[in-house]
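The structure under discussion appears below in the form of structure tokens.
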Amino acid sequence: MTRILTRIPARIACGAAACALMIVGGVATGRGQSAERKYVPVTDAMLQKPDPGDWLAWRRTLDGWGYSPLNQINRTNVARLKMAWTRGLIGPGNQEGTPLVHDGVMFIPNPGDNIQAVDATTGDLIWEYRRKLPEGVRPKTNRTLAMWGDFILNSSSDNFVYALDARTGALAWETKVLDATKRAPTSGGPIVANGKLITGRQCQPDAGRDSCVVTAHDAKTGKELWRFHTIPGPGEPGYESWGDVPMEQRWHVGTWMVPSYDAELNLVYIGTSVTIPAPKFTLGGNDKQHLYHNCTLAINADTGKIVWYYQHIVDHWDLDHPFERLLVDTVVAPRASEVRWINPRVRAGERRKVITGIPGKTGVVYTLDRQTGEFLWARPTVMQNVISNIDGATGKVVVNPEVLFTKINEEKFVCPGSSGGKNWPAGAYSPLTNAMYMPMQNMCMTATTTVDSRDPSKVYGINMKQEFSIGADKVGTVWSISAETGQTLWKHEQRAGMLSLVATGGGLVFGGDSNGRFKALDDKTGAVLWEAIVGSPASGYPISFSAGGKQYIAAIVGPSLEANSTRGLTPELKTGNGPNIFVFALP
């Protein structure tokens, strides 16, 4: 069902008095505009090669890099960085958003369906949209928005996708994806791939095949174009991989996070989560694959058909793999001294189109050919004991039998823990160094099974007590790893847990932690060159943008489940939880 609201004006100018629009499904209010703003519609070409000063998508570019080419702020002057402005954000809820910036306007996602447009140089409010949700619908985490044409696009807590007029915040169209009662919101957010709005779904805790979908909608009209089910149905490839589990008890293969897109190959890449329950002895058997959980999926953007998949691990411990996928063109020359698993067919020095990074909580770097899905190489980083081997020739992952569950109330020491390793805080890639920068945690867990039957009310079916990795006393770590060789270039470790990162053309990696610190690291050495106290966990995805010839760094702070989990191991670190955005620039 699509509703297109044709009565919305193409633009609105507000004088000294505030102006307000009452709209279907929410309220947009605009204030303080002395003159009408010019707005250049966002095209597919702009999304695929954005202006250096803009940040138009989750990781700026659709290849997932989290990289800004801006270099006004660099190693030599970053120590002079000062706060330019700050603004309180809308709560309650986990504040894990990504600000988008275009033409000097910043669009900020807040928990639920609260969106603000502000002047990117001052923080002054331009408009605000607050969606009215049905009774009983819980506001979702809102990690990103998408931009296309004149629209700001989002997926809602009540299972719609919708478009707002970027100039006014007025609702332009909305399309129902699922019934509002289905617990299958999109915690990540959308991208636009060649005019198609692509979204995945969280689908937890009891959502089955009908709700665990990736969808494409026409970004202009909201018309649904296709939907792909991450749990195969009868007669589809992968259906038998669940054994004798009834279809109505196959739950929660979610695509929690944001896809990547290769326009040349016309492929959407998205990762999937674990099943509910997680221990497979309760779900058809420890010997089953349970497709397509913990996979990278390559989906044709025009048809919604799967082109290839790769399964990173069969999970039993809530170690899911839905995180960012980096699309990189690089020489492939893995060093056996650090890269444990290598495809014997790899010819060292050949240049390949790869999909790389750390897609899951295990902290293992996987590098695949992104056209075919062929396994190229993989290596561990933080302590892990769940993978005993990966067959280099086939890419098949062998699970360590010593940590498999076979009964209720069984206890195992598992590394990493369910908080990671790697988690939803995103890493970054810099073409200047051909390196990825990954925020991770030195954490394991004692996991105890709580079910021996399928019960979605028990969610994952395990109790998880987070602990330090053996020998560690610092939770947070950033790893710099060569995309060409797989070698560790440097590591930064600290007591507080690390959160999301952004790399810049100035040779810097910016990121914050669970202790309310935001800092800049040298991308070649990992040395801390600048640090600011922001008072709350740096819970959002930091960005860099320019406006009026000036480069800025922006970071959202506030409540975060990942920060709470890491702080459990560092009780001496006390910080606030106030939702704010901080924007920094050179004086």
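Every chain in the structure tokens takes a letter, A first, then B, and so on in the order presented; its residues are numbered from 1, and the ligands are numbered from 1 following the presented order.
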
Worksheet item: When DSSP works through the backbone of this structure, what residues of range 225-362 of chain A end up as helix (DSSP H, G or I), shown as a ChimeraX atom specification?
Response: /A:239-242,247-249,280-282

Report as a PDB file with N, CA, C and O atoms, in the first residue's frame all protein, DNA and RNA residues lying within 9 Å of Phe413 in chain A, evaluated on only C-alpha atoms, omitting residues in the same chain fewer than 2 positions from it.
ATOM      1  N   ASN A 385      37.491 -18.501  19.731  1.00  0.00           N
ATOM      2  CA  ASN A 385      37.637 -19.951  19.856  1.00  0.00           C
ATOM      3  C   ASN A 385      36.470 -20.712  19.228  1.00  0.00           C
ATOM      4  O   ASN A 385      36.250 -21.879  19.536  1.00  0.00           O
ATOM      5  N   VAL A 403      33.040 -26.006  21.700  1.00  0.00           N
ATOM      6  CA  VAL A 403      32.144 -24.960  22.204  1.00  0.00           C
ATOM      7  C   VAL A 403      30.706 -25.156  21.713  1.00  0.00           C
ATOM      8  O   VAL A 403      29.870 -24.254  21.866  1.00  0.00           O
ATOM      9  N   GLU A 411      27.239 -25.053  30.002  1.00  0.00           N
ATOM     10  CA  GLU A 411      28.032 -23.824  30.075  1.00  0.00           C
ATOM     11  C   GLU A 411      29.294 -23.957  29.226  1.00  0.00           C
ATOM     12  O   GLU A 411      29.993 -24.970  29.269  1.00  0.00           O
ATOM     13  N   CYS A 415      34.596 -17.140  22.934  1.00  0.00           N
ATOM     14  CA  CYS A 415      35.269 -15.910  22.506  1.00  0.00           C
ATOM     15  C   CYS A 415      35.081 -15.706  21.008  1.00  0.00           C
ATOM     16  O   CYS A 415      35.286 -16.645  20.248  1.00  0.00           O
ATOM     17  N   GLY A 417      32.584 -12.612  22.969  1.00  0.00           N
ATOM     18  CA  GLY A 417      31.255 -12.657  23.548  1.00  0.00           C
ATOM     19  C   GLY A 417      30.227 -12.089  22.597  1.00  0.00           C
ATOM     20  O   GLY A 417      30.545 -11.627  21.490  1.00  0.00           O
ATOM     21  N   CYS A 444      35.048 -11.765  25.921  1.00  0.00           N
ATOM     22  CA  CYS A 444      34.528 -13.123  25.765  1.00  0.00           C
ATOM     23  C   CYS A 444      33.257 -13.228  26.601  1.00  0.00           C
ATOM     24  O   CYS A 444      32.745 -12.221  27.090  1.00  0.00           O
ATOM     25  N   MET A 445      32.735 -14.436  26.764  1.00  0.00           N
ATOM     26  CA  MET A 445      31.555 -14.607  27.614  1.00  0.00           C
ATOM     27  C   MET A 445      31.486 -16.043  28.125  1.00  0.00           C
ATOM     28  O   MET A 445      32.012 -16.969  27.512  1.00  0.00           O
ATOM     29  N   THR A 446      30.837 -16.184  29.271  1.00  0.00           N
ATOM     30  CA  THR A 446      30.397 -17.497  29.725  1.00  0.00           C
ATOM     31  C   THR A 446      28.941 -17.630  29.301  1.00  0.00           C
ATOM     32  O   THR A 446      28.091 -16.849  29.748  1.00  0.00           O
ATOM     33  N   ALA A 447      28.673 -18.575  28.419  1.00  0.00           N
ATOM     34  CA  ALA A 447      27.343 -18.749  27.840  1.00  0.00           C
ATOM     35  C   ALA A 447      26.725 -20.037  28.370  1.00  0.00           C
ATOM     36  O   ALA A 447      27.368 -21.095  28.366  1.00  0.00           O
ATOM     37  N   THR A 448      25.476 -19.931  28.809  1.00  0.00           N
ATOM     38  CA  THR A 448      24.764 -21.084  29.360  1.00  0.00           C
ATOM     39  C   THR A 448      23.423 -21.222  28.664  1.00  0.00           C
ATOM     40  O   THR A 448      22.659 -20.249  28.586  1.00  0.00           O
TER      41      THR A 448
END

Discussion item. Taking only range 254-475 of chain A into account, list the residues labelled strand (DSSP E or B) by DSSP (computed from the backbone), as a PyMOL selection string.
Written reply: chain A and resi 260-262+267-272+276+295-300+306-311+321+326-332+341-342+350-356+365-369+375-379+387-390+397-399+411-414+428-430+435-441+443-449+462-468

Discussion item. Report as an NGL selection string all protein, DNA and RNA residues lying within 9 Å of range 341-355 of chain A, evaluated on only C-alpha atoms, omitting residues in the same chain fewer than 4 positions from it.
Written reply: :A and (269 or 325-336 or 366-371 or 373-379 or 389-395 or 484)

Residue subset to file, keeping N, CA, C and O atoms, as a compact mmCIF listing (two decimals), in the first residue's frame:
# COMPACT_ATOMS: atom_id res chain seq x y z
N TYR A 269 24.87 -5.81 -1.50
CA TYR A 269 25.49 -6.75 -0.55
C TYR A 269 24.95 -6.44 0.84
O TYR A 269 25.01 -5.30 1.30
N ARG A 325 29.95 -4.01 4.93
CA ARG A 325 30.77 -4.68 3.92
C ARG A 325 31.53 -3.62 3.14
O ARG A 325 30.91 -2.69 2.59
N LEU A 326 32.86 -3.74 3.07
CA LEU A 326 33.71 -2.79 2.35
C LEU A 326 33.95 -3.31 0.94
O LEU A 326 34.42 -4.44 0.76
N LEU A 327 33.64 -2.50 -0.06
CA LEU A 327 33.86 -2.86 -1.46
C LEU A 327 35.12 -2.14 -1.93
O LEU A 327 35.13 -0.91 -2.05
N VAL A 328 36.16 -2.91 -2.19
CA VAL A 328 37.48 -2.33 -2.47
C VAL A 328 38.06 -3.01 -3.70
O VAL A 328 37.94 -4.23 -3.87
N ASP A 329 38.71 -2.22 -4.56
CA ASP A 329 39.52 -2.77 -5.65
C ASP A 329 40.97 -2.72 -5.20
O ASP A 329 41.51 -1.65 -4.94
N THR A 330 41.60 -3.89 -5.08
CA THR A 330 42.93 -3.94 -4.48
C THR A 330 43.75 -5.10 -5.03
O THR A 330 43.19 -6.10 -5.51
N VAL A 331 45.05 -4.96 -4.94
CA VAL A 331 45.93 -6.11 -5.13
C VAL A 331 45.67 -7.09 -3.99
O VAL A 331 45.47 -6.69 -2.84
N VAL A 332 45.64 -8.37 -4.31
CA VAL A 332 45.41 -9.41 -3.32
C VAL A 332 46.71 -10.19 -3.14
O VAL A 332 47.15 -10.90 -4.05
N ALA A 333 47.33 -10.03 -1.98
CA ALA A 333 48.61 -10.70 -1.71
C ALA A 333 48.70 -11.05 -0.23
O ALA A 333 49.52 -10.50 0.52
N PRO A 334 47.83 -11.94 0.26
CA PRO A 334 47.81 -12.25 1.69
C PRO A 334 49.12 -12.85 2.18
O PRO A 334 49.69 -13.73 1.52
N ARG A 335 49.61 -12.36 3.32
CA ARG A 335 50.85 -12.83 3.93
C ARG A 335 50.55 -14.00 4.86
O ARG A 335 49.84 -13.84 5.85
N ALA A 336 51.13 -15.14 4.57
CA ALA A 336 50.86 -16.34 5.36
C ALA A 336 51.30 -16.20 6.81
O ALA A 336 50.80 -16.90 7.69
N TYR A 366 37.22 -11.29 6.59
CA TYR A 366 36.98 -12.14 5.41
C TYR A 366 37.16 -11.30 4.16
O TYR A 366 36.64 -10.17 4.08
N THR A 367 37.84 -11.83 3.17
CA THR A 367 37.97 -11.18 1.87
C THR A 367 37.48 -12.14 0.80
O THR A 367 38.00 -13.25 0.67
N LEU A 368 36.46 -11.70 0.06
CA LEU A 368 35.84 -12.50 -1.00
C LEU A 368 35.91 -11.74 -2.31
O LEU A 368 35.99 -10.50 -2.33
N ASP A 369 35.86 -12.47 -3.42
CA ASP A 369 35.66 -11.84 -4.72
C ASP A 369 34.20 -11.36 -4.77
O ASP A 369 33.28 -12.15 -4.60
N ARG A 370 33.98 -10.07 -5.00
CA ARG A 370 32.61 -9.59 -4.86
C ARG A 370 31.74 -9.84 -6.09
O ARG A 370 30.53 -9.66 -6.03
N GLN A 371 32.37 -10.29 -7.17
CA GLN A 371 31.56 -10.65 -8.34
C GLN A 371 31.04 -12.08 -8.23
O GLN A 371 29.89 -12.36 -8.62
N GLY A 373 31.72 -14.26 -5.20
CA GLY A 373 31.63 -14.80 -3.85
C GLY A 373 32.75 -15.76 -3.50
O GLY A 373 32.74 -16.34 -2.40
N GLU A 374 33.72 -15.95 -4.40
CA GLU A 374 34.82 -16.87 -4.12
C GLU A 374 35.60 -16.43 -2.89
O GLU A 374 35.98 -15.27 -2.74
N PHE A 375 35.87 -17.38 -1.99
CA PHE A 375 36.68 -17.11 -0.81
C PHE A 375 38.12 -16.86 -1.24
O PHE A 375 38.70 -17.64 -2.00
N LEU A 376 38.74 -15.78 -0.75
CA LEU A 376 40.12 -15.45 -1.07
C LEU A 376 41.03 -15.63 0.15
O LEU A 376 42.03 -16.33 0.07
N TRP A 377 40.68 -15.01 1.27
CA TRP A 377 41.46 -15.20 2.49
C TRP A 377 40.68 -14.73 3.71
O TRP A 377 39.72 -13.95 3.58
N ALA A 378 41.12 -15.19 4.87
CA ALA A 378 40.52 -14.77 6.14
C ALA A 378 41.56 -14.88 7.24
O ALA A 378 42.48 -15.70 7.15
N ARG A 379 41.39 -14.05 8.26
CA ARG A 379 42.31 -14.08 9.40
C ARG A 379 41.58 -13.62 10.66
O ARG A 379 40.69 -12.77 10.62
N ASN A 389 38.80 -24.00 11.81
CA ASN A 389 39.48 -24.02 10.51
C ASN A 389 38.55 -23.43 9.45
O ASN A 389 37.32 -23.44 9.59
N ILE A 390 39.18 -22.91 8.39
CA ILE A 390 38.47 -22.54 7.16
C ILE A 390 39.20 -23.21 6.01
O ILE A 390 40.41 -23.03 5.85
N ASP A 391 38.48 -23.98 5.22
CA ASP A 391 39.07 -24.65 4.06
C ASP A 391 39.36 -23.58 3.01
O ASP A 391 38.44 -22.97 2.46
N GLY A 392 40.64 -23.35 2.73
CA GLY A 392 41.01 -22.30 1.79
C GLY A 392 40.45 -22.52 0.40
O GLY A 392 40.10 -21.56 -0.29
N ALA A 393 40.35 -23.75 -0.04
CA ALA A 393 39.90 -24.05 -1.40
C ALA A 393 38.41 -23.81 -1.58
O ALA A 393 37.96 -23.41 -2.66
N THR A 394 37.63 -24.05 -0.52
CA THR A 394 36.18 -23.92 -0.64
C THR A 394 35.60 -22.77 0.19
O THR A 394 34.47 -22.34 -0.07
N GLY A 395 36.35 -22.30 1.17
CA GLY A 395 35.84 -21.27 2.07
C GLY A 395 34.94 -21.81 3.16
O GLY A 395 34.41 -21.03 3.96
N GLU A 484 45.39 -5.34 1.31
CA GLU A 484 46.17 -6.10 0.32
C GLU A 484 46.77 -7.36 0.92
O GLU A 484 46.61 -8.46 0.37

If we count only C-alpha atoms and set the cut-off at 8 Å, which residues sit around Glu410 in chain A, ignoring sequence neighbours fewer than 3 positions away in its own chain? Please answer as a JSON list (two decimals) with N, CA, C and O atoms, in the first residue's frame.
[["chain", "number", "residue", "atom", "x", "y", "z"],
["A", 405, "PHE", "N", 26.93, -26.59, 21.92],
["A", 405, "PHE", "CA", 25.98, -26.99, 22.96],
["A", 405, "PHE", "C", 25.23, -28.25, 22.54],
["A", 405, "PHE", "O", 24.94, -28.45, 21.35],
["A", 406, "THR", "N", 24.88, -29.07, 23.53],
["A", 406, "THR", "CA", 24.13, -30.30, 23.25],
["A", 406, "THR", "C", 22.93, -30.49, 24.18],
["A", 406, "THR", "O", 22.15, -31.41, 23.98],
["A", 407, "LYS", "N", 22.79, -29.62, 25.21],
["A", 407, "LYS", "CA", 21.71, -29.80, 26.18],
["A", 407, "LYS", "C", 21.45, -28.49, 26.93],
["A", 407, "LYS", "O", 22.24, -27.55, 26.84],
["A", 448, "THR", "N", 25.48, -19.93, 28.81],
["A", 448, "THR", "CA", 24.76, -21.08, 29.36],
["A", 448, "THR", "C", 23.42, -21.22, 28.66],
["A", 448, "THR", "O", 22.66, -20.25, 28.59],
["A", 449, "THR", "N", 23.13, -22.40, 28.16],
["A", 449, "THR", "CA", 21.86, -22.62, 27.47],
["A", 449, "THR", "C", 20.70, -22.56, 28.45],
["A", 449, "THR", "O", 20.78, -23.04, 29.58]]

Excluding Val161 in chain A and its own-chain neighbours fewer than 4 positions away, which residues fall within 8 Å of it when counting only C-alpha atoms? Please give them as a compact mmCIF listing (two decimals) with N, CA and C atoms, in the first residue's frame.
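File result13.txt, as written:
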# COMPACT_ATOMS: atom_id res chain seq x y z
N LEU A 153 14.61 9.79 2.91
CA LEU A 153 13.89 8.52 2.94
C LEU A 153 14.25 7.74 4.20
N ASN A 154 13.26 7.03 4.72
CA ASN A 154 13.49 6.28 5.96
C ASN A 154 12.57 5.07 5.99
N SER A 155 12.87 4.15 6.88
CA SER A 155 12.00 3.02 7.17
C SER A 155 11.52 3.18 8.60
N SER A 156 10.25 2.95 8.84
CA SER A 156 9.63 3.39 10.08
C SER A 156 9.52 2.28 11.12
N GLU A 174 4.28 7.25 1.56
CA GLU A 174 4.60 6.18 2.49
C GLU A 174 4.02 4.88 1.95
N THR A 175 4.74 3.78 2.16
CA THR A 175 4.33 2.47 1.68
C THR A 175 4.44 1.45 2.80
N LYS A 176 3.38 0.72 3.01
CA LYS A 176 3.36 -0.32 4.02
C LYS A 176 4.15 -1.52 3.54
N VAL A 177 5.09 -2.00 4.38
CA VAL A 177 5.88 -3.19 4.06
C VAL A 177 5.33 -4.41 4.79
N GLY A 222 7.51 5.20 -4.15
CA GLY A 222 7.26 4.27 -3.06
C GLY A 222 6.70 2.94 -3.50

Practice prompt. Find the residues around range 178-194 of chain A up to 8 Å (only C-alpha atoms counted), leave out those fewer than 4 positions away in its own chain, and share them as a ChimeraX atom specification.
Written response: /A:44,57-58,62,134,137,140-148,153-160,198-207,211-212,219,256-261,263,268,301

Worksheet entry | Counting only C-alpha atoms, the option among A:Ile306, A:Leu265, A:Ile231, A:Met440 closest to Asn294 in chain A |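 So, comparing all the options, the nearest one is A:Ile231.
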
Practice prompt. Rank nothing, just name the residue among A:Ile152, A:Val78, A:Leu404, A:Leu171 nearest to Phe281 in chain A, using only C-alpha atoms.
Written response: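 Counting only C-alpha atoms, the residue closest to Phe281 in chain A is A:Leu404.
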
Worksheet item: Using only C-alpha atoms, which of A:Ser565, A:Gln551, A:Gln311, A:Gln441 sits nearest Asp473 in chain A?
Response: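 Selected residue with least distance to Asp473 in chain A: A:Gln441.
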
Discussion item. Would you compute the distance between CA of Pro322 in chain A and CA of Thr296 in chain A? Give it in Å to one decimal.
Written reply: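 Spanning CA of Pro322 in chain A to CA of Thr296 in chain A is a straight-line distance of 7.9 Å.
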